[in-house]
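Some notes on the structure that comes next.
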Amino acid sequence: MTTQAPPRKDSDLHVAADLPDALSALAERSSEGIALAGGTWVMRARLRGEPWNRAYVAIAGIPELGRIDITDREIRVGACVTHAELARVLESVPGYLALKQAASGSANPAVREMATIGGNLSAVGFAAADLPPALTVLRAHVDIASAAGVERLTIEDFLRFREHLQPGSLLSRVVIPRSAWSSAHVRLPLRKAGDYPVAIVSIALKRDGDRVADARVSVGSVEVTAKRWHSLEEELVGSSHEPAAISLRAADLLGDFNAREGSEAPGWYRKQVLPVLAARALTALG
Amino acid sequence: MPALMINGEERWSSRDPMTPLVVVLRDEFALTGTKHVCGEGFCGACTVLMNDRPALACLTPIGTADGKSIRTIESISAAEGELSPLQQALLDADAVQCGMCFPGMVITLTSFLQHNSNPSEAEIRAALSGNVCRCTGYQRIVEAVRGLATLASEGADQ
């Protein structure tokens, strides 16, 4: 049974004290309710021509959503951890270069102090988000909390179904397994920093000696949602991941993408740079 | 009605809780040093310090700023007429032109230098990637910060 949200003149902003409060407030507000974390996406809704005067539930003040817990098995990141805080904490964690690079290089310094990992994953229509491809190659999962409990999804499933989350549910945590995979994240902005990237390549490799035993490649900002590059993964497995050779193969695999057009770059350009970005990521992997 | 801690003073706004902080600072509190330019987090002219970290006032709804310590450019000077070392360095370097971006620049650099007291040129430029200046070309700003860092380093060595 759906409930009708009451009409409002002014904004409806509920500042949640804890997670149950947030879930309850979101459920009450039904399809009109949206979670507000750092605000860097929501506050630009008008610029995107999206509805503005909605029912917001502010979650950034919920302590458990701002926590990062690191164990021998996994890294658990609360949904309201900012990019900057994530980058600071990961400095002391071996590996996870893709996530370090994504979190420390996204947007600009002030946005990184405000934007959250949950917001970056949840922003439907934000094609240039840095964290989705990095978390995809690191085989991360997300926890979706609701009054019924917690459901764990792969990042890929979440990205596929995030527009259809039930009212009253909330991405509460990102969970990344500890592993020996090495990774890298390369973005191509128009300027050296501060711009949305026109294309992103994240790569993670599991090595067996000097050969690749397993590979994950995710491409961001080329299509509307970050996407695995399965054909390049197949090329990498069993190879010595030599950047120039893989880059040549990648140039034959661009048909896997239906690139979006944009004011900052046309679709053909976003695809054309992918082999170069793949080579740079492999070089960064060493 | 959210209570906002602005430059050490508790103040109340009557505006809608989703009103951007930059609008309240300028229109309600007459703190016009913070500039409202792009309104989408790119230019940095509205940068303030929130709990000692740079934040964009154009993307901060006032309803979420309750309980946070907010400092604007007006608070950076130590006392009436006395500029901070960073502000003095920028003045000495003749770094300011139209001035529109400089409050945000100073806020960003104030926070940056607290965490990195001897930055390289590349680090300074990266720190300023969210503060867009159409006038200066950034060189004197960078040199002023490098000079300030060198001075601080020499002072520490003595």
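Chains: A, B, ... in order of the structure tokens. Residues: from 1 per chain. Ligands: from 1, in order shown.
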**OP:** Pull out every residue of chain A sitting within 8 Å of chain B, counting only C-alpha atoms, and send them as a ChimeraX atom specification.
**Re:** /A:10-11,13,15,38-40,43-44,58,107-111,113-114,193-194
**OP:** Can you check which residues of region 8-152 of chain B DSSP gives as helix (DSSP H, G or I) on the backbone and send them as a PyMOL selection string?
**Re:** chain B and resi 21-28+57-59+62-64+73-75+85-92+102-115+121-127+139-152
**OP:** For Ala144 (chain B), please output as a count of residues only all residues within 8 Å (counting only C-alpha atoms; exclusion window: fewer than 2 positions along the same chain).
**Re:** 12
Original post:
Which polymer residues have any atom within 10 Å of an atom of Val217 (chain A), counting only C-alpha atoms, with same-chain residues fewer than 5 positions away left out, as a ChimeraX atom specification?
Top reply: /A:133-134,136-138,183-185,201-205,227-234,236,278
Original post:
Excluding same-chain residues fewer than 2 positions from Glu10 (chain B), what lies within 12 Å of it counting only C-alpha atoms, as a count of residues only?
Top reply: 17
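Residues in contact range of region 67-70 of chain A, defined as at most 10 Å between only C-alpha atoms, with sequence neighbours fewer than 4 positions away removed, read Ile62, Pro63, Glu74, Ile75, Arg76, Val77, Gly78, Ala79, Cys80, Val81, Glu85, Leu86, Val89, Leu90, Val93, Arg173, Val174, Val175, Ile176, Pro177 and Arg178 of chain A.
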Original post:
Running DSSP on the backbone, which parts of region 18-222 of chain A land in strand (DSSP E or B), as a ChimeraX atom specification?
Top reply: /A:33-36,55-58,68-70,74-78,82,116,141-146,149-154,170-177,182-189,197-208,211-220
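If you measure from each of B:Arg134, B:Glu154, B:Arg11, B:Ser84 to Ile107 (chain B) using only C-alpha atoms, the closest one turns out to be B:Ser84.
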Original post:
Near Ala27 (chain A), within 7 Å and counting only C-alpha atoms, which residues show up once chain neighbours fewer than 4 positions away are dropped, as a ChimeraX atom specification?
Top reply: /A:23,167-168
